[in-house]
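Colleague: What follows is a single structure, and I will ask about it in a moment.
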Amino acid sequence: MDSLHHLIKELGSQLRLRWLTAIPAAPRSVLGLQDSSTRQSLVGSLNCIHPHRLQVLGQAEMAHLRDLSLAAREDMIARLFEAKPAAVIFAEQVTPDVRFYDWAERTATPLLSSPLRDQEIVDRLQYFLLHALAERTMIHGVFIDVLGTGVLLVGDAGVGKSELALELIARGHRLIADDAPEFARIAPDQLEGRCPPMLRDFLEVRGLGVLNIRAMFGEGAVRESDLLNLVVKMRMFSREELAMIDRLRGSLSARTILGVTVPEITIPVAPGRNLAVLLETAVRTQILRVRGYDAGVDLIDRQARAVAAAAPSY
């Protein structure tokens, strides 16, 4: 996944890339050095102070090189290749001169060419690498879009996750993944979840078997991916455990996944409880919290104002 060969295989036709030098026999990593103090950024235009693993040179960069003195130009090209990029890509039909080929051969650096603009190449490469190289994990549960919020249902086997998901789908919400959703850290505080291709559109419900949600409910009942905004844990509670739940804040807590903290709400499972309504309400409550409103805090403030108003003044 982190090799130049894989990148070319996935994006070569979109970026209209062609090899200017021989295709490397051995895979070349686009990750760079693992030491965080010297790690190169992944892709960008000409930069020899903070070099990129994939250097993209367009008309502007070549014009800048032409404006330099001969000695400065030679030094710039040398530093470009001495940084050991995974590849150098020439955009906008740029034709590199012989010095680039000399340094490419000396450092075993592949050269590629594309007719696209340099910024378009950089943007597409950044988007691809962001997702292809993101940290990933798989969590057992059901990932579903509820009111535009990515919700992961977790809990012990047989607690009713798939049944709740089916009821939510029937109420107009959308399935993303059942059983084995994959999550990738695409930003410091963002996790994106999606379904493995083999399981896409399927939901297993005990007693009914495997259901194809897209075939049963239509295109609008499924979604390819979503950001993870809330974890809902379904759990059977004893009477004593129920009595210990905070009456103002409920069972709100947090879960850390790939270094990202995600709000978690535990919903007690018991006969006769309308779990679909409870989950929708949990999502609406979380949306309000994100917007800065907390009903528990509001109630406490209202009580404080009432006490203050009723207190005698001296």
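Chain labels run A, B, ... following the order of the structure tokens; each chain numbers its residues from 1, and ligands are numbered from 1 in the order shown.
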So which residues of segment 64-256 of chain A fall under helix (DSSP H, G or I) by DSSP, listed as a PyMOL selection string?

Modeller: chain A and resi 64-67+70-82+98-107+118-132+161-170+197-199+213-217+219-221+239-243

Colleague: Kindly save the residues from that selection, with C-alpha atoms included, as a short mmCIF file (atom, residue, chain, number, x, y, z; two decimals), in the first residue's frame.

Modeller:
```
data_model
loop_
_atom_site.label_atom_id
_atom_site.label_comp_id
_atom_site.auth_asym_id
_atom_site.auth_seq_id
_atom_site.Cartn_x
_atom_site.Cartn_y
_atom_site.Cartn_z
CA HIS A 64 12.42 29.56 -11.03
CA LEU A 65 15.32 27.22 -11.75
CA ARG A 66 16.06 29.02 -15.03
CA ASP A 67 16.21 32.36 -13.19
CA LEU A 70 24.27 28.26 -13.04
CA ALA A 71 25.91 27.42 -9.70
CA ALA A 72 22.71 28.00 -7.73
CA ARG A 73 20.72 25.93 -10.22
CA GLU A 74 23.15 23.03 -9.97
CA ASP A 75 23.02 23.22 -6.18
CA MET A 76 19.20 23.23 -6.18
CA ILE A 77 18.98 20.18 -8.44
CA ALA A 78 21.62 18.36 -6.39
CA ARG A 79 19.74 19.01 -3.14
CA LEU A 80 16.50 17.89 -4.80
CA PHE A 81 17.92 14.44 -5.56
CA GLU A 82 20.14 14.13 -2.47
CA VAL A 98 19.92 16.21 -19.18
CA ARG A 99 20.97 17.23 -15.67
CA PHE A 100 17.82 15.74 -14.19
CA TYR A 101 18.47 12.45 -15.99
CA ASP A 102 22.07 12.45 -14.78
CA TRP A 103 21.05 12.93 -11.15
CA ALA A 104 18.20 10.45 -11.52
CA GLU A 105 20.65 7.79 -12.70
CA ARG A 106 23.21 8.70 -10.02
CA THR A 107 20.66 8.43 -7.18
CA ASP A 118 1.12 20.64 -10.94
CA GLN A 119 -1.48 21.68 -8.35
CA GLU A 120 -4.01 19.17 -9.69
CA ILE A 121 -1.39 16.41 -9.40
CA VAL A 122 -0.49 17.47 -5.85
CA ASP A 123 -4.15 17.61 -4.77
CA ARG A 124 -4.97 14.15 -6.14
CA LEU A 125 -1.85 12.58 -4.70
CA GLN A 126 -2.46 14.13 -1.27
CA TYR A 127 -6.05 12.86 -1.20
CA PHE A 128 -5.01 9.35 -2.26
CA LEU A 129 -2.09 9.12 0.17
CA LEU A 130 -4.16 10.52 3.03
CA HIS A 131 -6.55 7.57 2.76
CA ALA A 132 -4.19 4.86 1.51
CA LYS A 161 -27.20 -4.60 17.36
CA SER A 162 -28.31 -5.86 13.95
CA GLU A 163 -31.99 -5.80 14.92
CA LEU A 164 -31.66 -2.18 16.05
CA ALA A 165 -29.80 -1.32 12.85
CA LEU A 166 -32.58 -2.91 10.78
CA GLU A 167 -35.23 -0.87 12.59
CA LEU A 168 -33.20 2.31 12.06
CA ILE A 169 -32.89 1.53 8.34
CA ALA A 170 -36.66 1.03 8.18
CA PRO A 197 -15.93 -4.62 -0.15
CA MET A 198 -16.89 -8.25 0.49
CA LEU A 199 -19.53 -7.27 3.09
CA ILE A 213 -30.13 -3.77 2.37
CA ARG A 214 -29.59 -2.07 -0.97
CA ALA A 215 -31.79 -4.61 -2.77
CA MET A 216 -34.50 -4.48 -0.09
CA PHE A 217 -34.67 -0.75 0.72
CA GLU A 219 -29.92 3.03 -2.91
CA GLY A 220 -30.83 5.57 -0.25
CA ALA A 221 -30.60 2.96 2.53
CA ARG A 239 -31.50 -3.17 38.55
CA GLU A 240 -28.68 -2.00 40.81
CA GLU A 241 -26.57 -0.81 37.85
CA LEU A 242 -29.54 1.09 36.42
CA ALA A 243 -30.00 2.90 39.73
#
```

Colleague: Residues at most 10 Å from Met62 of chain A, counting only C-alpha atoms, excluding those fewer than 4 positions away in the same chain, as number ranges by chain?

Modeller: A: 46, 57-58, 66-67, 90, 94-96

Colleague: Could you jot down the atom CA of Val231 of chain A to atom CA of Leu152 of chain A separation for me, Å, one decimal place?

Modeller: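 For atom CA of Val231 of chain A relative to atom CA of Leu152 of chain A, the distance reads 4.8 Å.
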
Colleague: Can you pull out every residue within 8 Å of Arg16 of chain A, counting only C-alpha atoms, but drop anything in the same chain fewer than 5 positions away, and send it as a ChimeraX atom specification?

Modeller: /A:114-116

Colleague: What gap, in Å, lies between atom CA of Val283 of chain A and atom CA of Arg206 of chain A?

Modeller: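 Rounded to one decimal, the two atoms are 25.4 Å apart.
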
Colleague: For atom CA of Leu11 of chain A and atom CA of Ile89 of chain A, quote the distance in Å rounded to one decimal.

Modeller: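 The value is 13.0 Å.
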
Colleague: Name the closest residue to Leu191 of chain A among the candidates A:Lys84, A:Arg235, A:Arg249, A:Arg136; distances are taken between atoms, counting only C-alpha atoms.

Modeller: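 Nearest candidate to Leu191 of chain A out of A:Lys84, A:Arg235, A:Arg249, A:Arg136: A:Arg136.
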
Colleague: Please report, as CSV, each residue of segment 208-241 of chain A lying at most 10 Å from segment 250-271 of chain A, together with the nearest pair of atoms and the separation in Å rounded to one decimal; use only C-alpha atoms, and order rows by chain and ascending residue number.

Modeller:
```
residue,atom,partner,partner_atom,distance
A:Leu228,CA,A:Val262,CA,7.7
A:Asn229,CA,A:Val262,CA,6.5
A:Leu230,CA,A:Pro263,CA,5.3
A:Val231,CA,A:Glu264,CA,4.5
A:Val232,CA,A:Ile265,CA,5.0
A:Lys233,CA,A:Thr266,CA,4.5
A:Met234,CA,A:Ile267,CA,5.1
A:Arg235,CA,A:Pro268,CA,5.3
A:Met236,CA,A:Val269,CA,5.0
A:Phe237,CA,A:Pro268,CA,5.9
A:Ser238,CA,A:Pro268,CA,9.2
A:Glu241,CA,A:Pro268,CA,9.6
```
